[in-house]
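Next up, start.txt (compact mmCIF, C-alpha atoms):
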```txt
# COMPACT_ATOMS: atom_id res chain seq x y z
CA MET A 1 -19.38 0.64 -21.04
CA PRO A 2 -19.57 2.99 -24.07
CA GLU A 3 -16.41 4.07 -25.81
CA SER A 4 -17.27 7.80 -25.87
CA CYS A 5 -19.64 10.28 -24.25
CA ASN A 6 -22.56 12.38 -25.44
CA SER A 7 -23.38 16.04 -24.92
CA ARG A 8 -25.39 15.31 -21.77
CA HIS A 9 -22.26 13.96 -20.04
CA PHE A 10 -20.32 17.03 -21.15
CA SER A 11 -22.96 19.41 -19.81
CA TRP A 12 -22.98 17.61 -16.45
CA LEU A 13 -19.20 17.76 -16.21
CA MET A 14 -19.00 21.48 -16.97
CA LYS A 15 -21.67 22.28 -14.38
CA SER A 16 -19.81 20.19 -11.80
CA CYS A 17 -16.43 21.82 -12.36
CA PHE A 18 -17.30 25.46 -13.09
CA PRO A 19 -19.86 27.71 -11.31
CA ASN A 20 -22.68 29.43 -13.14
CA PRO A 21 -21.88 33.18 -13.29
CA GLN A 22 -25.64 33.98 -13.34
CA ASP A 23 -26.29 32.02 -10.14
CA PRO A 24 -25.98 34.36 -7.09
CA THR A 25 -25.40 31.39 -4.77
CA SER A 26 -22.31 30.16 -6.63
CA LYS A 27 -18.85 31.31 -5.63
CA PRO A 28 -16.34 32.44 -8.25
CA LEU A 29 -13.16 30.47 -8.68
CA SER A 30 -11.08 33.60 -8.05
CA PRO A 31 -11.62 37.25 -6.97
CA ASN A 32 -10.95 38.39 -10.53
CA PRO A 33 -13.86 38.96 -12.91
CA ILE A 34 -15.10 35.74 -14.47
CA ILE A 35 -14.42 35.42 -18.16
CA THR A 36 -17.34 33.79 -19.90
CA ILE A 37 -16.35 31.17 -22.44
CA SER A 38 -18.90 30.49 -25.11
CA ILE A 39 -19.11 26.79 -25.94
CA PRO A 40 -20.73 25.85 -29.23
CA THR A 41 -23.82 23.75 -28.79
CA ALA A 42 -22.40 21.19 -31.18
CA THR A 43 -19.37 20.57 -28.96
CA THR A 44 -19.17 17.03 -27.64
CA LEU A 45 -16.90 15.57 -25.03
CA SER A 46 -15.28 13.38 -27.63
CA SER A 47 -13.93 16.49 -29.37
CA LEU A 48 -11.98 17.62 -26.28
CA SER A 49 -8.32 16.72 -26.03
CA ASP A 50 -7.15 14.43 -23.25
CA ASP A 51 -5.27 17.29 -21.58
CA LEU A 52 -8.36 19.48 -21.36
CA LEU A 53 -10.56 16.61 -20.25
CA LEU A 54 -8.05 15.67 -17.55
CA GLU A 55 -8.10 19.24 -16.25
CA CYS A 56 -11.88 19.01 -15.88
CA LEU A 57 -11.96 15.51 -14.41
CA SER A 58 -9.24 16.30 -11.89
CA ARG A 59 -11.56 18.83 -10.22
CA VAL A 60 -14.51 16.48 -9.81
CA PRO A 61 -15.37 15.85 -6.11
CA SER A 62 -14.18 12.52 -4.75
CA SER A 63 -17.75 11.45 -4.03
CA SER A 64 -18.53 11.62 -7.78
CA LEU A 65 -15.53 9.60 -8.97
CA PRO A 66 -17.29 6.20 -8.75
CA SER A 67 -19.94 7.47 -11.18
CA VAL A 68 -17.44 9.24 -13.40
CA SER A 69 -15.36 6.09 -13.88
CA LEU A 70 -18.42 4.27 -15.26
CA VAL A 71 -19.43 6.89 -17.87
CA CYS A 72 -17.29 5.50 -20.68
CA ARG A 73 -14.10 3.63 -21.35
CA ARG A 74 -12.14 6.78 -22.18
CA TRP A 75 -12.99 8.42 -18.87
CA SER A 76 -12.09 5.27 -16.99
CA LEU A 77 -8.66 5.11 -18.65
CA LEU A 78 -7.99 8.78 -17.93
CA LEU A 79 -9.00 8.43 -14.28
CA HIS A 80 -6.41 5.68 -13.82
CA SER A 81 -3.60 7.47 -15.63
CA PRO A 82 -0.55 8.91 -13.81
CA SER A 83 -1.45 12.37 -15.15
CA PHE A 84 -4.81 12.29 -13.37
CA LEU A 85 -3.20 11.39 -10.04
CA TYR A 86 -0.62 14.14 -10.55
CA LEU A 87 -3.35 16.75 -11.11
CA ARG A 88 -5.35 15.52 -8.12
CA ARG A 89 -2.26 15.90 -5.92
CA LEU A 90 -1.71 19.37 -7.38
CA HIS A 91 -5.25 20.34 -6.37
CA HIS A 92 -4.84 18.70 -2.93
CA LEU A 93 -7.64 16.25 -3.69
CA ILE A 94 -5.67 13.04 -3.11
CA HIS A 95 -6.00 11.57 0.38
CA PRO A 96 -3.94 8.49 1.32
CA THR A 97 -6.34 6.02 2.93
CA ILE A 98 -5.69 2.74 4.73
CA PHE A 99 -7.73 -0.16 3.38
CA THR A 100 -8.09 -3.47 5.19
CA LEU A 101 -9.65 -6.48 3.51
CA SER A 102 -11.10 -9.39 5.44
CA ALA A 103 -13.62 -11.57 3.64
CA PRO A 104 -16.36 -10.63 3.16
CA PHE A 105 -15.76 -7.08 4.47
CA ALA A 106 -13.54 -4.11 3.70
CA ALA A 107 -12.76 -1.16 5.95
CA SER A 108 -11.08 2.16 5.22
CA LEU A 109 -9.43 4.70 7.51
CA ARG A 110 -8.28 8.18 6.59
CA LEU A 111 -6.01 9.87 9.10
CA PRO A 112 -6.62 13.62 9.47
CA ASP A 113 -4.03 16.06 8.17
CA GLY A 114 -3.38 19.76 8.55
CA ASN A 115 -5.79 20.65 5.73
CA ASP A 116 -8.79 18.95 7.33
CA ALA A 117 -11.50 21.24 8.64
CA ASN A 118 -13.11 18.38 10.54
CA THR A 119 -11.48 18.03 13.95
CA ASP A 120 -13.27 14.81 14.87
CA GLY A 121 -11.10 11.74 15.31
CA PRO A 122 -10.67 9.32 12.42
CA LEU A 123 -13.10 6.43 12.17
CA TRP A 124 -13.12 3.20 10.21
CA LYS A 125 -15.72 2.94 7.47
CA VAL A 126 -16.87 -0.61 6.85
CA ALA A 127 -18.24 -1.83 3.53
CA SER A 128 -20.13 -5.10 3.71
CA CYS A 129 -19.96 -7.82 1.11
CA LEU A 130 -16.92 -7.35 -1.04
CA PRO A 131 -17.93 -7.68 -4.71
CA PHE A 132 -15.53 -10.49 -5.57
CA PRO A 133 -15.14 -14.21 -4.87
CA VAL A 134 -12.65 -13.99 -2.00
CA SER A 135 -13.67 -17.47 -0.90
CA SER A 136 -11.43 -18.80 -3.64
CA LEU A 137 -8.39 -17.18 -2.04
CA ASP A 138 -6.51 -19.23 0.53
CA SER A 139 -6.80 -16.49 3.16
CA LEU A 140 -6.68 -12.73 2.86
CA SER A 141 -4.37 -12.59 5.87
CA HIS A 142 -1.80 -14.57 3.89
CA ALA A 143 -2.45 -12.75 0.61
CA ARG A 144 -0.43 -9.67 -0.22
CA LEU A 145 -1.90 -6.31 -1.23
CA SER A 146 -0.29 -3.78 -3.55
CA ALA A 147 -1.87 -0.46 -4.55
CA ILE A 148 -1.32 1.49 -7.76
CA GLY A 149 -3.42 4.63 -7.76
CA SER A 150 -6.97 3.73 -6.75
CA ARG A 151 -6.56 0.05 -7.59
CA ILE A 152 -5.74 -2.64 -5.05
CA TYR A 153 -4.09 -5.79 -6.38
CA ILE A 154 -4.90 -8.78 -4.17
CA ILE A 155 -2.18 -11.33 -4.81
CA GLY A 156 -2.95 -14.87 -3.65
CA ARG A 157 -0.96 -18.02 -3.98
CA ASN A 158 -2.53 -19.15 -7.23
CA GLU A 159 -4.66 -16.20 -8.33
CA MET A 160 -4.90 -12.42 -8.31
CA PHE A 161 -7.69 -9.85 -8.34
CA CYS A 162 -7.80 -6.11 -9.00
CA TYR A 163 -10.21 -4.11 -6.86
CA ASP A 164 -11.01 -0.53 -7.95
CA VAL A 165 -11.95 1.42 -4.82
CA TRP A 166 -13.57 4.20 -6.88
CA SER A 167 -15.94 2.10 -8.97
CA GLY A 168 -16.16 -0.91 -6.64
CA ILE A 169 -15.49 -3.20 -9.60
CA ILE A 170 -13.21 -6.21 -9.27
CA THR A 171 -11.59 -8.09 -12.11
CA SER A 172 -9.53 -11.25 -12.24
CA ARG A 173 -5.89 -10.85 -13.25
CA SER A 174 -3.11 -13.23 -14.23
CA SER A 175 -1.59 -15.16 -11.36
CA MET A 176 2.11 -15.31 -10.55
CA ILE A 177 4.35 -17.64 -12.52
CA HIS A 178 5.44 -19.43 -9.35
CA PRO A 179 2.85 -20.11 -6.61
CA ARG A 180 3.91 -18.41 -3.38
CA LYS A 181 2.76 -17.96 0.18
CA LYS A 182 3.90 -15.32 2.67
CA PHE A 183 6.07 -13.49 0.15
CA ALA A 184 7.38 -9.93 -0.15
CA THR A 185 5.79 -7.44 -2.53
CA ALA A 186 6.20 -3.74 -3.37
CA VAL A 187 5.38 -1.26 -6.13
CA LEU A 188 8.00 0.62 -8.15
CA SER A 189 7.36 2.78 -11.23
CA GLY A 190 3.84 1.45 -11.65
CA LYS A 191 4.87 -2.23 -11.55
CA ILE A 192 4.57 -4.87 -8.82
CA TYR A 193 7.58 -6.90 -7.67
CA VAL A 194 7.39 -10.11 -5.61
CA ALA A 195 10.08 -12.30 -4.07
CA GLY A 196 10.34 -15.17 -1.59
CA GLY A 197 7.45 -17.28 -0.43
CA GLY A 198 8.65 -20.87 -0.20
CA SER A 199 10.99 -23.35 -1.80
CA ARG A 200 8.75 -24.02 -4.80
CA ALA A 201 9.12 -20.41 -5.93
CA GLY A 202 12.86 -20.87 -5.74
CA ALA A 203 14.84 -17.66 -5.91
CA ALA A 204 12.82 -16.14 -8.77
CA LEU A 205 11.98 -12.45 -8.46
CA GLU A 206 8.91 -11.63 -10.55
CA GLU A 207 7.65 -8.38 -12.06
CA TYR A 208 4.00 -7.67 -12.92
CA ASP A 209 2.94 -5.08 -15.51
CA PRO A 210 -0.69 -3.97 -14.94
CA GLU A 211 -0.91 -2.50 -18.45
CA THR A 212 -0.31 -5.85 -20.15
CA ASP A 213 -1.46 -8.11 -17.28
CA THR A 214 1.70 -10.19 -17.55
CA TRP A 215 4.28 -11.59 -15.15
CA ARG A 216 7.93 -12.24 -15.91
CA VAL A 217 11.03 -13.31 -14.00
CA VAL A 218 13.55 -10.45 -13.92
CA ALA A 219 16.17 -11.77 -11.50
CA HIS A 220 17.01 -14.47 -8.96
CA ALA A 221 17.34 -13.64 -5.29
CA ARG A 222 20.45 -14.28 -3.26
CA ARG A 223 18.42 -15.94 -0.53
CA ARG A 224 15.18 -17.88 -0.62
CA ARG A 225 12.91 -16.48 2.09
CA PHE A 226 9.54 -17.44 3.54
CA GLY A 227 7.33 -15.01 5.47
CA CYS A 228 9.32 -11.99 4.30
CA ILE A 229 8.15 -8.38 3.99
CA GLY A 230 8.52 -6.00 1.05
CA ALA A 231 9.14 -2.25 0.78
CA ALA A 232 10.29 0.12 -1.97
CA VAL A 233 12.17 3.43 -1.94
CA ASP A 234 14.02 5.28 -4.73
CA GLY A 235 14.04 2.43 -7.23
CA VAL A 236 15.10 -0.27 -4.74
CA PHE A 237 12.98 -3.28 -3.76
CA TYR A 238 13.67 -4.35 -0.16
CA VAL A 239 13.07 -8.00 0.81
CA ILE A 240 13.08 -7.98 4.61
CA GLY A 241 13.27 -10.68 7.26
CA GLY A 242 11.25 -13.87 7.26
CA LEU A 243 12.56 -17.40 7.41
CA LYS A 244 15.64 -18.28 5.41
CA ILE A 245 14.95 -21.43 3.43
CA GLY A 246 17.97 -23.68 3.03
CA ALA A 247 21.28 -22.08 2.10
CA ALA A 248 22.15 -18.99 0.17
CA LEU A 249 23.05 -19.22 -3.47
CA GLU A 250 26.66 -18.97 -2.39
CA ASN A 251 26.11 -22.40 -0.83
CA GLU A 252 26.67 -22.02 2.89
CA VAL A 253 26.19 -25.75 3.41
CA THR A 254 26.96 -28.70 1.25
CA ARG A 255 24.56 -29.81 -1.44
CA ALA A 256 24.12 -33.14 0.30
CA ALA A 257 22.80 -31.41 3.42
CA ALA A 258 20.60 -29.09 1.36
CA ALA A 259 19.02 -32.05 -0.37
CA GLY A 260 17.60 -33.19 2.97
CA ALA A 261 15.14 -31.32 5.14
CA GLU A 262 15.41 -27.59 4.56
CA ALA A 263 16.63 -25.55 7.50
CA TYR A 264 14.37 -22.71 8.62
CA VAL A 265 15.89 -19.96 10.74
CA TYR A 266 14.74 -16.46 11.55
CA ALA A 267 16.38 -13.84 9.37
CA SER A 268 17.27 -10.37 10.59
CA THR A 269 18.66 -9.23 7.26
CA MET A 270 17.28 -7.62 4.14
CA ASP A 271 18.20 -7.94 0.48
CA LEU A 272 18.19 -4.92 -1.84
CA PHE A 273 17.32 -5.15 -5.54
CA ASP A 274 17.93 -2.19 -7.89
CA VAL A 275 15.04 -2.33 -10.35
CA GLU A 276 16.64 -0.09 -12.98
CA SER A 277 19.99 -1.88 -13.19
CA ARG A 278 18.48 -5.32 -12.46
CA ALA A 279 21.25 -5.88 -9.92
CA TRP A 280 21.37 -6.87 -6.26
CA LEU A 281 23.00 -4.41 -3.88
CA ARG A 282 24.85 -5.28 -0.70
CA SER A 283 22.59 -6.97 1.85
CA ARG A 284 22.05 -5.22 5.17
CA ALA A 285 21.61 -6.60 8.69
CA VAL A 286 19.02 -5.15 11.04
CA PRO A 287 20.80 -3.70 14.12
CA GLY A 288 20.45 -5.84 17.21
CA GLY A 289 19.21 -8.87 15.31
CA GLY A 290 15.81 -10.25 16.16
CA CYS A 291 13.00 -11.23 13.82
CA ALA A 292 11.50 -8.59 11.52
CA VAL A 293 7.73 -8.78 12.07
CA ALA A 294 6.55 -5.64 10.22
CA ALA A 295 8.03 -3.05 7.87
CA CYS A 296 7.06 -0.27 5.47
CA ALA A 297 8.51 2.71 3.61
CA VAL A 298 7.76 6.31 4.56
CA ALA A 299 9.32 9.52 3.21
CA GLY A 300 12.54 7.92 2.01
CA TYR A 301 13.07 5.62 4.98
CA VAL A 302 12.33 1.95 5.65
CA TYR A 303 10.85 1.41 9.12
CA ILE A 304 11.21 -2.05 10.66
CA LEU A 305 9.66 -3.54 13.80
CA THR A 306 11.67 -6.45 15.20
CA SER A 307 10.86 -8.92 17.95
CA HIS A 308 13.64 -10.08 20.27
CA ALA A 309 13.66 -12.62 23.07
CA LEU A 310 12.25 -10.19 25.65
CA GLU A 311 11.37 -6.98 23.83
CA LEU A 312 10.32 -5.19 20.67
CA SER A 313 12.54 -2.68 18.91
CA PHE A 314 11.82 -0.15 16.18
CA CYS A 315 14.41 1.24 13.79
CA ARG A 316 14.66 3.01 10.46
CA PHE A 317 16.97 2.64 7.49
CA ASP A 318 17.90 5.67 5.37
CA ALA A 319 16.96 4.53 1.87
CA ARG A 320 17.33 7.88 0.09
CA ARG A 321 19.73 7.27 -2.77
CA ARG A 322 18.76 10.39 -4.73
CA GLY A 323 19.29 13.68 -2.99
CA GLY A 324 21.35 12.13 -0.17
CA GLY A 325 21.87 13.44 3.29
CA ALA A 326 19.45 13.59 6.18
CA GLY A 327 18.56 17.22 6.69
CA GLY A 328 22.10 18.40 7.24
CA SER A 329 23.04 15.70 9.75
CA GLY A 330 25.63 14.24 7.39
CA LYS A 331 24.02 10.82 7.39
CA GLY A 332 23.06 9.30 4.08
CA PHE A 333 22.02 6.13 2.36
CA GLY A 334 22.53 3.00 4.44
CA GLU A 335 22.46 4.62 7.89
CA TRP A 336 20.48 2.92 10.66
CA CYS A 337 18.77 4.74 13.52
CA LYS A 338 17.03 3.14 16.50
CA ILE A 339 13.89 5.03 17.42
CA LYS A 340 11.16 4.92 20.03
CA SER A 341 9.48 1.52 20.33
CA PRO A 342 5.68 1.19 20.12
CA PRO A 343 3.78 1.54 23.43
CA LEU A 344 3.30 -2.15 24.20
CA PRO A 345 3.89 -3.94 27.52
CA ALA A 346 7.53 -4.51 28.43
CA GLN A 347 9.10 -7.90 27.79
CA VAL A 348 6.68 -8.81 25.01
CA ARG A 349 7.85 -11.12 22.27
CA LEU A 350 5.47 -11.54 19.35
CA ASP A 351 4.88 -15.10 18.21
CA SER A 352 3.00 -16.58 15.26
CA THR A 353 -0.38 -16.02 16.96
CA VAL A 354 -0.06 -12.23 17.00
CA ARG A 355 0.61 -10.46 13.69
CA PHE A 356 1.04 -6.80 12.83
CA SER A 357 0.79 -5.18 9.42
CA CYS A 358 2.74 -1.97 8.81
CA VAL A 359 1.70 0.70 6.28
CA GLY A 360 2.96 4.19 5.55
CA VAL A 361 0.58 7.15 5.32
CA GLU A 362 2.35 10.36 4.28
CA ASN A 363 4.67 11.10 7.26
CA LYS A 364 3.22 8.45 9.57
CA VAL A 365 3.82 4.75 10.20
CA VAL A 366 0.67 2.84 11.10
CA LEU A 367 0.88 -0.54 12.88
CA VAL A 368 -2.31 -2.57 12.55
CA GLN A 369 -2.77 -5.72 14.63
CA VAL A 370 -4.41 -7.97 12.05
CA SER A 371 -4.59 -11.19 14.09
CA GLY A 372 -4.14 -12.52 17.59
CA CYS A 373 -4.65 -10.98 21.02
CA ILE A 374 -1.81 -9.51 23.10
CA ASP A 375 -3.83 -10.04 26.29
CA ASP A 376 -3.90 -13.77 25.58
CA LEU A 377 -0.19 -13.71 24.76
CA LEU A 378 0.61 -12.12 28.14
CA ARG A 379 -1.78 -14.42 29.97
CA ARG A 380 0.06 -17.46 28.65
CA SER A 381 3.24 -16.08 30.19
CA GLY A 382 1.55 -15.57 33.58
CA ARG A 383 0.91 -11.83 33.30
CA ASN A 384 -2.57 -10.42 33.79
CA VAL A 385 -2.84 -7.37 31.51
CA ARG A 386 -6.03 -6.09 29.95
CA GLY A 387 -6.89 -3.55 27.30
CA LEU A 388 -4.78 -4.94 24.44
CA LYS A 389 -7.23 -7.11 22.59
CA GLU A 390 -7.53 -7.69 18.86
CA GLY A 391 -7.48 -4.92 16.29
CA LEU A 392 -4.99 -2.59 17.99
CA VAL A 393 -3.88 0.37 15.83
CA LEU A 394 -0.76 2.39 16.70
CA VAL A 395 0.40 5.50 14.82
CA TYR A 396 3.98 6.77 14.79
CA ASP A 397 4.53 10.39 13.73
CA CYS A 398 7.86 10.47 11.88
CA ILE A 399 8.23 14.23 12.50
CA SER A 400 7.52 14.40 16.24
CA GLY A 401 8.87 10.91 16.96
CA GLU A 402 5.87 10.07 19.15
CA TRP A 403 3.37 7.20 19.17
CA SER A 404 -0.38 7.51 19.56
CA ARG A 405 -3.35 5.16 19.46
CA GLY A 406 -5.65 5.06 16.47
CA PRO A 407 -9.17 3.69 16.33
CA HIS A 408 -9.32 -0.08 16.80
CA LEU A 409 -10.17 -2.25 13.83
CA PRO A 410 -13.90 -2.99 13.59
CA GLU A 411 -14.83 -6.32 15.14
CA VAL A 412 -15.86 -7.76 11.76
CA ILE A 413 -12.34 -7.17 10.41
CA ARG A 414 -10.03 -9.96 11.56
CA ARG A 415 -7.11 -11.74 9.92
CA ALA A 416 -6.96 -8.89 7.46
CA ALA A 417 -4.51 -7.62 4.87
CA CYS A 418 -3.69 -3.89 4.76
CA VAL A 419 -2.51 -1.38 2.17
CA THR A 420 -2.43 2.40 1.66
CA VAL A 421 -4.39 3.68 -1.35
CA GLU A 422 -4.38 7.12 -2.98
CA CYS A 423 -8.02 8.02 -3.49
```

Hey, can you dump this file as structure tokens for me?
Amino acid sequence: MPESCNSRHFSWLMKSCFPNPQDPTSKPLSPNPIITISIPTATTLSSLSDDLLLECLSRVPSSSLPSVSLVCRRWSLLLHSPSFLYLRRLHHLIHPTIFTLSAPFAASLRLPDGNDANTDGPLWKVASCLPFPVSSLDSLSHARLSAIGSRIYIIGRNEMFCYDVWSGIITSRSSMIHPRKKFATAVLSGKIYVAGGGSRAGAALEEYDPETDTWRVVAHARRRRFGCIGAAVDGVFYVIGGLKIGAALENEVTRAAAAGAEAYVYASTMDLFDVESRAWLRSRAVPGGGCAVAACAVAGYVYILTSHALELSFCRFDARRRGGGAGGSGKGFGEWCKIKSPPLPAQVRLDSTVRFSCVGVENKVVLVQVSGCIDDLLRRSGRNVRGLKEGLVLVYDCISGEWSRGPHLPEVIRRAACVTVEC
């Protein structure tokens, strides 16, 4: 990839972003008369400041971004900068998209919003043959995905990859300091945080900096968890549910007992880590107990799906520390609210064979059934119910409070990992 661009790239960019005033078929940018700017023929793209170049690049159509990111190293760096994402949001050109990865395929789903002219229902788009050696990963269903801008970080037990959804390029990144499996992960201020994932990882909470490609231990968790879920809101990393490994650091049992076989019990609590102060906040218990099976953050709240002995429940935690309040209701940070459960058969208890992944897309919570079959689960309990096979997608509208069905996962996508990407 070249370091800079030539005049041909500059000419192409200007024609893409600004209409030709002499062309009768082109539409002006505004109803006001167009002011013609004379550009010296000797001007090159390298002579433009980053601010001006960002203004031009931020208006490029999304379909051209894969090509733009490959023009030169400078353009690639600008396209992955926070300023570029800010300008794209300002121009309403950023569309949160759900990505699911299941070797060797990837699928993407964009939910329609109020600005969409196309009224057709959303459909999954499948890309065959992912351009990276996923066979070296233990299993994508057990890997964790974190997205920063247009880049998806695929975090495995002993390795990590970065997949750029614009360019389609994947690169190998540094692996975690402590090997983990079924751990919690979330993104805060452009950095990735991981916690839990087995006794070997201990209580270490790690932070990854994409700029330097380095991991470091920033704190030690109060509880060692396995199979936990991560979420992030307002500078707080939430480590939710899972199996509690052994005792807490406060030593709930004697050291002699802890030295033997570790005790695994379902956890219906979550630990809160303040990233800025590097301090743990007071832990919170999920109302009604149960096992947290899916969770995500949406619009200042943490939404959690829990499985009980005979039912599923859905609740939200007010995680807004800055700005406070809940629309004049007087409720603030730390308040729980039980909301409408997903439309699944009554008296269903999810087990290890059926797994859901939960992602937030603007003001919606999307539950994606990434493995297992609910029909088989009900059949084992003596109930004959059909229509709930693999790949179920349920969408909860946080404004209306109603559930709806989304398009099922494609048949080639099974045992997948999910994440929301801004692209």

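Among A:Leu145, A:Ala103, A:Val233, A:Val298, the residue with the shortest atom-to-atom distance to Ser357 in chain A, counting all atoms listed in the file, is A:Leu145.
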
Could you check which of A:Phe273, A:Tyr238, A:Phe226, A:Phe356 is closest to Val370 in chain A, using only C-alpha atoms? A:Phe356

Show which residues sit within 8 Å of Met270 in chain A, as a list in words. Count only C-alpha atoms, and ignore same-chain residues fewer than 6 positions away. Tyr238, Val239, Ile240, Gly241, Ser283, Arg284, Ala285 and Val286 of chain A

Mind listing whatever residues come within 12 Å of the point (10.0, -15.9, -12.9)? Use all atoms listed in the file, file coordinates, and give them as a ChimeraX atom specification. /A:175-180,193-196,200-208,214-221

Calculate how many Å separate CA of Val365 in chain A from CA of Leu85 in chain A, rounding to one decimal. 22.4 Å

Residues within 9 Å of (8.9, -0.8, 3.1), counting all atoms listed in the file, listed as a VMD selection string: chain A and resid 186 229 to 233 237 to 240 294 to 298 301 to 304 358 to 360

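Atom pair CA of Leu367 in chain A / CA of Val354 in chain A has a distance of 12.4 Å (rounded to one decimal).
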
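Taking CA of Pro342 in chain A and CA of Ile413 in chain A as the two end points, the separation is 22.1 Å.
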
Restricting the calculation to only C-alpha atoms, which member of A:Ile155, A:Leu392, A:Leu111, A:Leu123 is positioned closest to Ser174 in chain A? A:Ile155
